[in-house]
$ cat work-v2.cif   # mmCIF, C-alpha atoms and all ligand atoms
data_input
#
loop_
_atom_site.label_atom_id
_atom_site.label_comp_id
_atom_site.auth_asym_id
_atom_site.auth_seq_id
_atom_site.Cartn_x
_atom_site.Cartn_y
_atom_site.Cartn_z
CA MET A 219 1.38 73.79 0.04
CA LYS A 220 3.81 72.52 -2.58
CA ASN A 221 5.57 70.55 0.11
CA LEU A 222 2.32 68.93 1.15
CA THR A 223 1.48 67.98 -2.45
CA MET A 224 4.90 66.42 -2.84
CA ARG A 225 4.49 64.50 0.35
CA CYS A 226 1.05 63.31 -0.76
CA SER A 227 2.44 62.16 -4.11
CA ALA A 228 5.28 60.31 -2.40
CA PHE A 229 2.77 58.62 -0.13
CA LEU A 230 0.55 57.62 -3.05
CA LEU A 231 3.54 56.28 -4.94
CA LEU A 232 4.52 54.20 -1.93
CA LEU A 233 0.97 52.93 -1.60
CA PHE A 234 0.97 52.05 -5.30
CA PHE A 235 4.17 49.99 -4.96
CA ALA A 236 2.96 48.28 -1.83
CA THR A 237 -0.29 47.27 -3.51
CA THR A 238 1.50 46.17 -6.66
CA LEU A 239 3.91 44.08 -4.64
CA GLN A 240 1.02 42.38 -2.95
CA LEU A 241 -0.61 41.69 -6.28
CA VAL A 242 2.56 40.20 -7.75
CA ALA A 243 1.84 36.57 -8.36
CA GLN A 244 3.76 33.82 -6.59
CA ILE A 245 5.30 31.93 -9.47
CA THR A 246 6.79 28.48 -9.13
CA ALA A 247 8.45 26.50 -11.89
CA ILE A 248 8.53 22.74 -11.38
CA LYS A 249 11.03 20.82 -13.47
CA ALA A 250 9.49 17.40 -13.97
CA GLY A 251 11.82 14.65 -15.18
CA LYS A 252 8.79 12.57 -16.06
CA LEU A 253 5.20 13.78 -16.04
CA VAL A 254 2.37 11.24 -15.92
CA ASP A 255 -1.05 11.90 -17.40
CA PRO A 256 -3.29 9.34 -15.67
CA GLU A 257 -6.16 9.95 -18.09
CA THR A 258 -4.17 8.61 -21.04
CA GLY A 259 -1.64 6.54 -19.11
CA THR A 260 1.20 8.33 -20.89
CA VAL A 261 4.45 9.94 -19.78
CA ALA A 262 6.10 13.10 -21.06
CA THR A 263 9.74 13.80 -20.23
CA ASN A 264 11.47 17.01 -19.19
CA GLN A 265 8.40 19.14 -18.68
CA ILE A 266 8.16 22.45 -16.92
CA ILE A 267 5.03 23.18 -14.93
CA ILE A 268 4.45 26.84 -14.18
CA VAL A 269 2.33 27.42 -11.11
CA GLU A 270 0.90 30.87 -10.45
CA ASN A 271 -0.48 31.26 -6.94
CA SER A 272 -2.78 28.28 -6.42
CA LYS A 273 -3.20 27.21 -10.04
CA ILE A 274 -1.31 25.68 -12.92
CA LYS A 275 -0.57 28.27 -15.59
CA SER A 276 1.22 26.21 -18.19
CA VAL A 277 2.78 22.83 -18.83
CA GLY A 278 5.28 22.13 -21.57
CA PRO A 279 8.69 20.93 -22.58
CA GLY A 280 11.50 23.34 -21.88
CA SER A 281 9.33 26.44 -21.49
CA ALA A 282 11.24 29.44 -20.23
CA VAL A 283 11.27 29.90 -16.48
CA PRO A 284 9.87 33.36 -15.72
CA ALA A 285 12.20 35.77 -13.92
CA GLY A 286 11.71 35.69 -10.18
CA ALA A 287 10.09 32.27 -10.20
CA THR A 288 10.91 29.77 -7.46
CA VAL A 289 12.37 26.71 -9.15
CA ILE A 290 11.66 23.23 -7.82
CA ASP A 291 13.86 20.61 -9.37
CA LEU A 292 12.08 17.27 -9.69
CA SER A 293 14.03 16.33 -12.78
CA ARG A 294 15.01 12.94 -11.33
CA SER A 295 11.47 12.14 -10.23
CA THR A 296 8.10 11.31 -11.71
CA VAL A 297 5.47 13.98 -11.27
CA LEU A 298 1.74 13.29 -11.22
CA PRO A 299 -1.52 14.75 -9.92
CA GLY A 300 -2.31 14.36 -6.22
CA LEU A 301 -4.19 11.19 -5.20
CA PHE A 302 -7.79 10.79 -4.02
CA ASP A 303 -9.37 8.67 -1.29
CA CYS A 304 -13.13 8.65 -1.89
CA HIS A 305 -13.99 6.77 1.28
CA SER A 306 -12.30 8.33 4.27
CA HIS A 307 -13.40 8.84 7.88
CA LEU A 308 -11.11 11.65 8.93
CA CYS A 309 -12.56 12.18 12.40
CA GLN A 310 -12.96 8.57 13.46
CA MET A 311 -10.34 6.32 14.99
CA THR A 312 -10.62 3.05 16.81
CA THR A 313 -7.50 2.08 18.75
CA ALA A 314 -5.60 -1.09 19.59
CA GLU A 315 -7.26 -0.99 23.04
CA ASN A 316 -10.78 -0.69 21.66
CA ARG A 317 -11.72 -1.80 18.16
CA ASP A 318 -15.44 -1.42 18.83
CA LEU A 319 -16.99 1.38 16.79
CA PHE A 320 -20.08 1.95 18.90
CA THR A 321 -18.24 2.57 22.18
CA THR A 322 -15.50 4.53 20.41
CA ASP A 323 -18.07 6.82 18.77
CA ILE A 324 -20.02 7.52 21.95
CA LYS A 325 -16.98 8.05 24.17
CA GLN A 326 -15.31 10.66 21.97
CA SER A 327 -16.67 14.20 21.92
CA THR A 328 -17.10 16.01 18.61
CA ALA A 329 -14.24 18.33 19.64
CA TYR A 330 -11.95 15.36 20.20
CA ARG A 331 -13.05 13.92 16.85
CA ALA A 332 -12.11 17.19 15.14
CA ILE A 333 -8.64 16.99 16.65
CA ILE A 334 -8.26 13.44 15.31
CA GLY A 335 -9.25 14.93 11.95
CA VAL A 336 -6.49 17.52 12.11
CA LYS A 337 -3.99 14.66 12.51
CA THR A 338 -5.42 12.38 9.81
CA ALA A 339 -5.83 15.24 7.32
CA ARG A 340 -2.15 16.12 7.68
CA GLU A 341 -1.18 12.45 7.34
CA TYR A 342 -3.25 12.01 4.19
CA LEU A 343 -1.57 15.04 2.63
CA ASP A 344 1.87 13.78 3.59
CA SER A 345 1.25 10.53 1.69
CA GLY A 346 0.16 12.36 -1.45
CA PHE A 347 -3.62 12.44 -1.03
CA THR A 348 -4.64 15.96 -1.99
CA THR A 349 -8.40 15.32 -2.11
CA VAL A 350 -10.60 13.08 0.01
CA ARG A 351 -14.29 12.43 0.25
CA ASP A 352 -15.28 11.95 3.86
CA VAL A 353 -18.28 9.65 4.12
CA GLY A 354 -19.45 10.42 7.63
CA ASN A 355 -19.01 9.20 11.19
CA ASN A 356 -17.68 12.49 12.48
CA GLY A 357 -19.90 13.08 15.51
CA ASN A 358 -21.82 16.31 15.22
CA TYR A 359 -20.29 17.70 11.98
CA ALA A 360 -16.62 17.68 13.02
CA ASP A 361 -16.01 17.06 9.30
CA THR A 362 -17.57 20.37 8.29
CA SER A 363 -15.43 22.25 10.82
CA LEU A 364 -12.32 20.40 9.66
CA ARG A 365 -13.10 21.18 6.02
CA GLN A 366 -13.56 24.85 6.84
CA ALA A 367 -10.34 24.95 8.86
CA VAL A 368 -8.43 23.47 5.90
CA GLU A 369 -10.12 25.84 3.44
CA ASN A 370 -9.26 28.81 5.65
CA GLY A 371 -5.62 27.73 5.94
CA ILE A 372 -5.83 27.12 9.69
CA VAL A 373 -4.61 23.54 9.40
CA PRO A 374 -3.03 21.69 6.46
CA GLY A 375 -5.08 19.01 4.76
CA PRO A 376 -6.47 17.73 1.51
CA THR A 377 -9.53 19.19 -0.19
CA ILE A 378 -12.46 17.60 1.66
CA VAL A 379 -15.84 16.68 0.20
CA ASN A 380 -17.72 15.78 3.36
CA ALA A 381 -20.94 13.94 4.09
CA GLY A 382 -21.84 15.19 7.57
CA ARG A 383 -24.20 12.80 9.36
CA ILE A 384 -24.91 9.43 7.74
CA ILE A 385 -28.57 8.94 6.85
CA ALA A 386 -29.88 5.45 7.59
CA PRO A 387 -32.93 3.38 8.49
CA PHE A 388 -33.57 3.20 12.25
CA GLY A 389 -30.50 1.97 14.14
CA GLY A 390 -27.99 2.93 11.46
CA GLN A 391 -24.98 0.66 11.80
CA TYR A 392 -25.55 0.11 15.51
CA PHE A 393 -27.51 -2.38 17.56
CA LEU A 394 -29.13 -0.28 20.24
CA ARG A 395 -30.96 -1.00 23.48
CA PRO A 396 -34.60 0.13 23.62
CA GLU A 397 -34.01 2.35 26.69
CA ARG A 398 -31.03 4.16 25.10
CA VAL A 399 -31.96 4.81 21.47
CA GLU A 400 -30.58 8.35 21.71
CA LEU A 401 -27.06 6.85 21.66
CA GLY A 402 -27.46 6.41 17.92
CA SER A 403 -27.33 10.16 17.50
CA PRO A 404 -25.50 12.28 16.34
CA GLU A 405 -23.48 9.55 14.63
CA TYR A 406 -26.45 8.47 12.51
CA PHE A 407 -29.45 10.36 11.27
CA PHE A 408 -32.29 7.86 11.43
CA ALA A 409 -34.70 8.46 8.56
CA ASP A 410 -37.45 5.97 7.79
CA THR A 411 -40.26 8.06 6.35
CA ARG A 412 -40.05 10.43 3.41
CA ASP A 413 -40.44 13.41 5.73
CA GLU A 414 -37.56 12.19 7.86
CA MET A 415 -35.38 11.66 4.78
CA LEU A 416 -36.17 15.14 3.52
CA LYS A 417 -35.33 16.68 6.88
CA ALA A 418 -32.13 14.67 7.24
CA ILE A 419 -30.89 15.75 3.80
CA ARG A 420 -31.75 19.40 4.34
CA GLU A 421 -30.22 19.52 7.81
CA ASN A 422 -27.04 17.93 6.47
CA ILE A 423 -26.79 20.44 3.64
CA HIS A 424 -27.52 23.31 6.02
CA PHE A 425 -24.67 22.18 8.27
CA GLY A 426 -22.14 21.98 5.48
CA SER A 427 -22.37 18.55 3.85
CA LEU A 428 -21.17 18.48 0.26
CA VAL A 429 -22.29 14.90 -0.42
CA ILE A 430 -25.08 12.77 1.03
CA LYS A 431 -24.15 9.41 2.51
CA ILE A 432 -26.73 6.73 3.13
CA VAL A 433 -26.41 3.32 4.73
CA VAL A 434 -28.72 1.15 2.66
CA ASP A 435 -28.58 -2.25 4.26
CA ASP A 436 -27.05 -2.75 7.69
CA GLN A 437 -30.40 -3.68 9.23
CA ARG A 438 -32.87 -6.35 8.09
CA TYR A 439 -35.12 -3.57 6.80
CA ILE A 440 -33.31 -1.80 3.98
CA TYR A 441 -33.89 1.25 1.82
CA SER A 442 -36.03 0.38 -1.21
CA VAL A 443 -35.38 1.53 -4.77
CA ASP A 444 -38.09 4.17 -4.31
CA ASP A 445 -36.57 5.39 -1.03
CA ILE A 446 -33.21 5.77 -2.75
CA LYS A 447 -34.69 7.51 -5.81
CA PHE A 448 -36.39 9.96 -3.47
CA ILE A 449 -33.13 10.70 -1.63
CA VAL A 450 -31.12 11.02 -4.86
CA GLU A 451 -33.65 13.48 -6.30
CA GLU A 452 -33.79 15.64 -3.17
CA ALA A 453 -29.98 15.76 -2.96
CA ARG A 454 -29.71 16.49 -6.69
CA ARG A 455 -31.99 19.51 -6.37
CA ALA A 456 -29.34 21.06 -4.09
CA GLY A 457 -26.49 19.93 -6.36
CA LEU A 458 -25.29 17.04 -4.18
CA LYS A 459 -24.53 13.45 -5.09
CA VAL A 460 -25.35 10.36 -3.04
CA ALA A 461 -22.90 7.73 -1.78
CA ALA A 462 -24.52 4.46 -0.69
CA HIS A 463 -23.04 1.98 1.77
CA CYS A 464 -24.03 -1.49 0.53
CA MET A 465 -22.94 -4.75 2.10
CA THR A 466 -25.65 -7.00 0.64
CA GLU A 467 -26.59 -8.01 -2.88
CA GLN A 468 -30.10 -6.60 -2.54
CA GLY A 469 -28.78 -3.36 -1.07
CA ALA A 470 -26.35 -2.91 -3.96
CA ARG A 471 -29.07 -3.65 -6.52
CA ASN A 472 -31.44 -1.17 -4.92
CA ALA A 473 -28.70 1.48 -4.88
CA ALA A 474 -27.72 0.83 -8.50
CA GLU A 475 -31.34 1.03 -9.59
CA GLY A 476 -32.02 4.03 -7.38
CA GLY A 477 -29.38 6.03 -9.26
CA VAL A 478 -26.80 6.78 -6.57
CA ALA A 479 -23.45 8.23 -7.66
CA SER A 480 -21.46 5.53 -5.91
CA ILE A 481 -21.80 2.19 -4.20
CA GLU A 482 -19.47 1.94 -1.21
CA HIS A 483 -17.93 -1.47 -0.44
CA GLY A 484 -20.23 -3.49 -2.73
CA PHE A 485 -19.17 -6.49 -0.71
CA ARG A 486 -19.95 -9.77 -2.49
CA MET A 487 -21.78 -8.01 -5.35
CA SER A 488 -22.75 -10.56 -8.00
CA ASP A 489 -21.83 -10.15 -11.65
CA GLU A 490 -25.45 -9.18 -12.33
CA ALA A 491 -25.37 -6.43 -9.70
CA LEU A 492 -22.05 -5.19 -11.13
CA GLN A 493 -23.57 -5.18 -14.63
CA LEU A 494 -26.48 -3.12 -13.31
CA ALA A 495 -24.10 -0.63 -11.69
CA LYS A 496 -22.20 -0.34 -14.97
CA LYS A 497 -25.38 0.17 -16.99
CA ASN A 498 -26.55 2.96 -14.64
CA ASN A 499 -23.13 4.69 -14.53
CA VAL A 500 -22.77 4.00 -10.82
CA VAL A 501 -19.18 4.16 -9.59
CA LEU A 502 -17.88 1.42 -7.31
CA VAL A 503 -15.82 2.65 -4.38
CA GLY A 504 -14.67 -0.79 -3.39
CA THR A 505 -12.77 -0.19 -0.12
CA ASP A 506 -10.77 -3.28 -1.00
CA PHE A 507 -9.22 -4.20 2.35
CA THR A 508 -5.78 -5.75 2.49
CA VAL A 509 -5.39 -8.68 4.90
CA GLU A 510 -3.38 -6.40 7.15
CA ALA A 511 -6.06 -3.67 7.22
CA ALA A 512 -8.81 -6.23 7.81
CA GLY A 513 -6.83 -7.39 10.84
CA TYR A 514 -7.35 -3.99 12.46
CA LEU A 515 -11.12 -4.36 12.37
CA GLY A 516 -10.92 -6.68 15.34
CA LEU A 517 -11.71 -9.79 13.28
CA ASP A 518 -9.96 -13.11 13.86
CA ALA A 519 -7.38 -14.26 11.32
CA ALA A 520 -9.73 -16.54 9.38
CA THR A 521 -12.46 -13.89 9.11
CA SER A 522 -9.93 -11.22 8.08
CA LYS A 523 -8.76 -13.48 5.29
CA TYR A 524 -12.31 -14.25 4.16
CA PHE A 525 -13.11 -10.52 4.21
CA HIS A 526 -10.02 -9.70 2.14
CA ASP A 527 -10.48 -12.60 -0.32
CA THR A 528 -14.09 -11.60 -0.92
CA PHE A 529 -13.03 -8.05 -1.76
CA ILE A 530 -10.30 -9.28 -4.12
CA ASP A 531 -12.73 -11.58 -5.91
CA ARG A 532 -15.24 -8.75 -6.35
CA LEU A 533 -12.48 -6.34 -7.43
CA LYS A 534 -11.36 -8.76 -10.15
CA ARG A 535 -14.91 -9.23 -11.40
CA ALA A 536 -15.69 -5.51 -11.30
CA TYR A 537 -12.59 -4.82 -13.39
CA ARG A 538 -13.42 -7.59 -15.87
CA ILE A 539 -17.00 -6.36 -16.25
CA GLY A 540 -15.81 -2.78 -16.67
CA VAL A 541 -17.59 -1.07 -13.78
CA ARG A 542 -16.23 2.40 -13.29
CA MET A 543 -14.22 2.49 -10.06
CA ALA A 544 -12.78 5.14 -7.75
CA TYR A 545 -10.25 4.56 -4.96
CA GLY A 546 -11.61 4.44 -1.42
CA THR A 547 -10.17 2.80 1.67
CA ASP A 548 -12.55 3.05 4.65
CA THR A 549 -9.62 3.50 7.03
CA PHE A 550 -10.86 4.52 10.49
CA PHE A 551 -8.51 2.55 12.69
CA GLU A 552 -5.15 2.89 14.32
CA ALA A 553 -2.67 0.52 12.67
CA ALA A 554 0.79 -0.31 13.99
CA GLY A 555 3.55 1.46 12.11
CA HIS A 556 1.11 3.35 9.90
CA THR A 557 -0.16 6.88 9.60
CA ARG A 558 -3.64 7.30 8.12
CA GLY A 559 -1.91 8.19 4.86
CA THR A 560 0.42 5.18 4.67
CA LEU A 561 -2.49 2.95 5.63
CA ALA A 562 -4.67 4.40 2.85
CA ILE A 563 -1.96 3.98 0.22
CA SER A 564 -1.33 0.37 1.31
CA TYR A 565 -4.66 -0.60 -0.34
CA ILE A 566 -2.92 -0.48 -3.73
CA ASP A 567 -1.64 -3.95 -2.75
CA SER A 568 -5.19 -5.22 -3.27
CA PHE A 569 -5.20 -3.79 -6.81
CA VAL A 570 -1.87 -5.47 -7.51
CA GLU A 571 -3.20 -8.75 -6.09
CA ALA A 572 -6.31 -8.50 -8.28
CA GLY A 573 -4.07 -8.06 -11.33
CA ILE A 574 -5.27 -4.58 -12.23
CA PRO A 575 -2.78 -2.78 -14.49
CA ALA A 576 -0.98 0.18 -12.91
CA LYS A 577 -2.37 2.63 -15.46
CA ASP A 578 -5.96 1.73 -14.50
CA THR A 579 -5.19 1.85 -10.77
CA LEU A 580 -3.75 5.32 -11.25
CA LYS A 581 -6.86 6.46 -13.08
CA ILE A 582 -9.02 5.02 -10.30
CA MET A 583 -6.95 7.08 -7.83
CA THR A 584 -7.10 10.37 -9.77
CA THR A 585 -9.31 11.20 -12.76
CA ASN A 586 -12.11 8.71 -12.03
CA ALA A 587 -12.22 9.90 -8.43
CA ALA A 588 -12.25 13.57 -9.45
CA GLN A 589 -15.26 12.92 -11.68
CA LEU A 590 -17.12 11.09 -8.94
CA LEU A 591 -16.53 14.00 -6.58
CA GLY A 592 -17.52 16.51 -9.25
CA VAL A 593 -14.18 18.33 -9.06
CA GLU A 594 -12.76 17.16 -12.39
CA LYS A 595 -12.60 20.71 -13.73
CA GLN A 596 -10.48 21.81 -10.76
CA ARG A 597 -8.48 18.80 -9.63
CA GLY A 598 -7.18 15.38 -10.66
CA SER A 599 -4.93 16.32 -13.56
CA ILE A 600 -1.99 18.58 -14.32
CA LYS A 601 -3.31 21.00 -16.91
CA PRO A 602 -3.52 24.78 -17.23
CA GLY A 603 -6.31 26.24 -15.11
CA MET A 604 -6.38 23.35 -12.64
CA PHE A 605 -5.47 23.78 -8.98
CA ALA A 606 -1.83 22.88 -8.40
CA ASP A 607 -2.26 19.60 -6.50
CA ILE A 608 0.97 17.96 -7.55
CA ILE A 609 3.01 15.07 -6.16
CA ALA A 610 6.23 13.29 -7.08
CA THR A 611 7.53 9.77 -6.67
CA PRO A 612 11.04 8.30 -7.08
CA GLU A 613 9.92 5.93 -9.85
CA ASN A 614 7.28 5.99 -12.55
CA PRO A 615 4.09 4.53 -11.01
CA LEU A 616 3.03 3.24 -14.44
CA ASP A 617 6.04 0.89 -14.25
CA ASN A 618 5.91 0.27 -10.52
CA ILE A 619 2.74 1.30 -8.69
CA GLN A 620 4.43 0.55 -5.34
CA THR A 621 6.39 3.79 -5.73
CA LEU A 622 3.19 5.59 -4.65
CA LYS A 623 4.12 4.49 -1.13
CA LYS A 624 7.18 6.73 -1.38
CA VAL A 625 5.70 10.09 -2.31
CA SER A 626 8.59 12.53 -1.88
CA PHE A 627 6.97 15.81 -2.86
CA VAL A 628 3.52 17.26 -2.26
CA MET A 629 2.16 20.57 -3.47
CA LYS A 630 -1.36 21.52 -2.39
CA ASN A 631 -3.12 24.47 -4.03
CA GLY A 632 0.29 25.75 -5.20
CA LYS A 633 1.96 25.52 -1.80
CA VAL A 634 4.74 23.02 -1.11
CA VAL A 635 3.72 20.98 1.93
CA LYS A 636 6.36 18.28 1.61
CA ASN A 637 9.67 18.16 -0.20
CA ALA A 638 11.87 15.24 0.64
CA ASP A 639 13.09 15.04 -2.93
CA VAL A 640 16.72 15.61 -2.07
CA ARG A 641 18.87 12.94 -3.60
ZN ZN A 701 -16.88 3.58 5.76
#

$ encode --input "work-v2.cif" --output "structure tokens" --more "lines below"
Ligand SMILES: [Zn+2]
Amino acid sequence: MKNLTMRCSAFLLLLFFATTLQLVAQITAIKAGKLVDPETGTVATNQIIIVENSKIKSVGPGSAVPAGATVIDLSRSTVLPGLFDCHSHLCQMTTAENRDLFTTDIKQSTAYRAIIGVKTAREYLDSGFTTVRDVGNNGNYADTSLRQAVENGIVPGPTIVNAGRIIAPFGGQYFLRPERVELGSPEYFFADTRDEMLKAIRENIHFGSLVIKIVVDDQRYIYSVDDIKFIVEEARRAGLKVAAHCMTEQGARNAAEGGVASIEHGFRMSDEALQLAKKNNVVLVGTDFTVEAAGYLGLDAATSKYFHDTFIDRLKRAYRIGVRMAYGTDTFFEAAGHTRGTLAISYIDSFVEAGIPAKDTLKIMTTNAAQLLGVEKQRGSIKPGMFADIIATPENPLDNIQTLKKVSFVMKNGKVVKNADVR
């Protein structure tokens, strides 16, 4: 009997240690030579960031490294929060052989689209993008499956705030034939009446959308201010924001007045429309194409240049007027010599060309974006309690924003996913 009791106690003791070991936190200490706070545009030197499991525990100069902590030495680098792309299409990719969106979308199965997403998600992360908003064009909810796979640790990727199926007036962004209207689905959710809008929003939410994306104005009939207000209110009741694709002046004005969270593209928006967006706290996600990126849309050289110049002109005016902006690229195409991540980061060239100071560009890529996505209490800055989405660059991006193209270290939710910081 005594023997049995002893054996039981030994077993319990073992169980206790095993459980305790499992509960022991994974602690990482990052030595940051320079640490950038994008919110204030300031730099602190020789900081130590303590990461416990997935979150940041403390940040400070020369704090003691806890015993047993894994030390990551980034003392010769600049450390900053992970970047955001608020206008991604993870599961869409046109190729050099076929730049046409319509035929690309209908030829690729949702399963194939999801596999594209696995690749682009990894590439985004590798370039330092730790959060993206995916604004649709993912077949039949490949984006939701991809988001879940990332959340469950099945594949690596950034945090994804996904839109599911894009809601649009009849035809969406396509030009269909009367005998084959079904080809518009599932890519677009046609919604012209209030009942159809309601159903489209609820179906999207049911199937995992975390943001509602509408195309306001790619047909001659566009969503009215009242249509947009109705959509915004229905989405808001479920806690979702609305992103609105606007390529025309009237479309942008309707969206700004309708109270959307963000205007996507805002191509050619007038100063008055930009003022209206500013007044209504609407964020501009400008998708400011570089000439190179525009070239991959299948446009001729002159049109690519016009497209790019128009974006630069609007970007300059939006900055001057003081519209709140968040970084978004609209990359959905294969580009020679680029991954999806390097392509997305190349859009900083447009910000440089428009003369936007590095500290504002950095804010647009981090804190502003986090607020738009509603994740500002979890991500977008390096502070205690935030998820450890941390990157490093060889130089200080406040001095040279181009260094963001050379992200050498990426930590996502406390896990190192890239460390090329060996110099
Ligand atoms: Zn887009």

$ residues_near_ligand --input "work-v2.cif" --ligand "ligand ZN 701 (chain A)" --cutoff "12 Å" --atoms "only C-alpha atoms and all ligand atoms" --output "ChimeraX atom specification"
/A:303-311,319,351-356,381,384,391,431-433,461-465,481-484,503-507,515,546-551

$ residues_near_point --input "work-v2.cif" --point "(0.4, 2.6, 1.2)" --cutoff "12 Å" --atoms "all atoms listed in the file" --output "ChimeraX atom specification"
/A:301,303,341-342,344-347,507-508,510-511,547,549,555-569,619-625

$ closest_atom_pairs --input "work-v2.cif" --of "stretch 540-638 of chain A" --to "stretch 374-379 of chain A" --cutoff "12 Å" --atoms "all atoms listed in the file" --output "tab-separated table"
residue	atom	partner	partner_atom	distance
A:Gly559	CA	A:Pro376	CA	11.1
A:Ala587	CA	A:Val379	CA	11.6
A:Ala588	CA	A:Val379	CA	10.8
A:Leu590	CA	A:Val379	CA	10.8
A:Leu591	CA	A:Val379	CA	7.3
A:Gly592	CA	A:Val379	CA	9.6
A:Val593	CA	A:Val379	CA	9.6
A:Gln596	CA	A:Thr377	CA	10.9
A:Arg597	CA	A:Thr377	CA	9.5
A:Gly598	CA	A:Thr377	CA	11.4
A:Phe605	CA	A:Thr377	CA	10.7
A:Ala606	CA	A:Thr377	CA	11.8
A:Asp607	CA	A:Pro376	CA	9.2
A:Ile608	CA	A:Pro376	CA	11.7
A:Val628	CA	A:Pro376	CA	10.7
A:Met629	CA	A:Pro376	CA	10.4
A:Lys630	CA	A:Pro376	CA	7.5
A:Asn631	CA	A:Thr377	CA	9.1
A:Lys633	CA	A:Pro374	CA	10.4
A:Val634	CA	A:Pro374	CA	10.9
A:Val635	CA	A:Pro374	CA	8.2
A:Lys636	CA	A:Pro374	CA	11.1

$ residues_near_point --input "work-v2.cif" --point "(18.5, 15.6, -10.4)" --cutoff "12 Å" --atoms "only C-alpha atoms" --output "PyMOL selection string"
chain A and resi 249-252+264+290-296+612+639-641

$ atom_distance --input "work-v2.cif" --atom1 "atom CA of A:Thr246" --atom2 "atom CA of A:Thr585"
23.9 Å

$ residues_around --input "work-v2.cif" --residues "stretch 320-333 of chain A" --least-positions-apart "3" --cutoff "12 Å" --atoms "all atoms listed in the file" --output "PyMOL selection string"
chain A and resi 307-317+336-340+354-368+373+389-394+398+400-406+550-551

$ closest_residue --input "work-v2.cif" --among "A:Gly540, A:Gly513, A:Pro284, A:Gly469" --to "A:Glu270" --atoms "all atoms listed in the file"
A:Pro284

$ build_atoms --input "work-v2.cif" --residues "stretch 556-571 of chain A" --atoms "N, CA and C atoms" --output "short mmCIF file (atom, residue, chain, number, x, y, z; two decimals), in the coordinates of the input"
data_model
loop_
_atom_site.label_atom_id
_atom_site.label_comp_id
_atom_site.auth_asym_id
_atom_site.auth_seq_id
_atom_site.Cartn_x
_atom_site.Cartn_y
_atom_site.Cartn_z
N HIS A 556 1.72 2.60 10.99
CA HIS A 556 1.11 3.35 9.90
C HIS A 556 0.58 4.71 10.34
N THR A 557 0.65 5.67 9.44
CA THR A 557 -0.16 6.88 9.60
C THR A 557 -1.44 6.60 8.82
N ARG A 558 -2.42 7.49 8.90
CA ARG A 558 -3.64 7.30 8.12
C ARG A 558 -3.30 7.31 6.62
N GLY A 559 -2.31 8.09 6.26
CA GLY A 559 -1.91 8.19 4.86
C GLY A 559 -1.24 6.93 4.35
N THR A 560 -0.29 6.39 5.13
CA THR A 560 0.42 5.18 4.67
C THR A 560 -0.53 3.99 4.66
N LEU A 561 -1.48 4.01 5.58
CA LEU A 561 -2.49 2.95 5.63
C LEU A 561 -3.37 3.02 4.37
N ALA A 562 -3.79 4.22 4.03
CA ALA A 562 -4.67 4.40 2.85
C ALA A 562 -3.95 3.99 1.57
N ILE A 563 -2.67 4.32 1.46
CA ILE A 563 -1.96 3.98 0.22
C ILE A 563 -1.67 2.48 0.15
N SER A 564 -1.66 1.81 1.32
CA SER A 564 -1.33 0.37 1.31
C SER A 564 -2.40 -0.45 0.57
N TYR A 565 -3.60 0.13 0.37
CA TYR A 565 -4.66 -0.60 -0.34
C TYR A 565 -4.35 -0.83 -1.82
N ILE A 566 -3.31 -0.18 -2.34
CA ILE A 566 -2.92 -0.48 -3.73
C ILE A 566 -2.46 -1.94 -3.85
N ASP A 567 -2.04 -2.53 -2.72
CA ASP A 567 -1.64 -3.95 -2.75
C ASP A 567 -2.81 -4.83 -3.22
N SER A 568 -4.03 -4.45 -2.84
CA SER A 568 -5.19 -5.22 -3.27
C SER A 568 -5.36 -5.14 -4.78
N PHE A 569 -5.08 -3.96 -5.35
CA PHE A 569 -5.20 -3.79 -6.81
C PHE A 569 -4.13 -4.61 -7.53
N VAL A 570 -2.94 -4.66 -6.93
CA VAL A 570 -1.87 -5.47 -7.51
C VAL A 570 -2.28 -6.95 -7.45
N GLU A 571 -2.79 -7.34 -6.28
CA GLU A 571 -3.20 -8.75 -6.09
C GLU A 571 -4.31 -9.14 -7.07
#
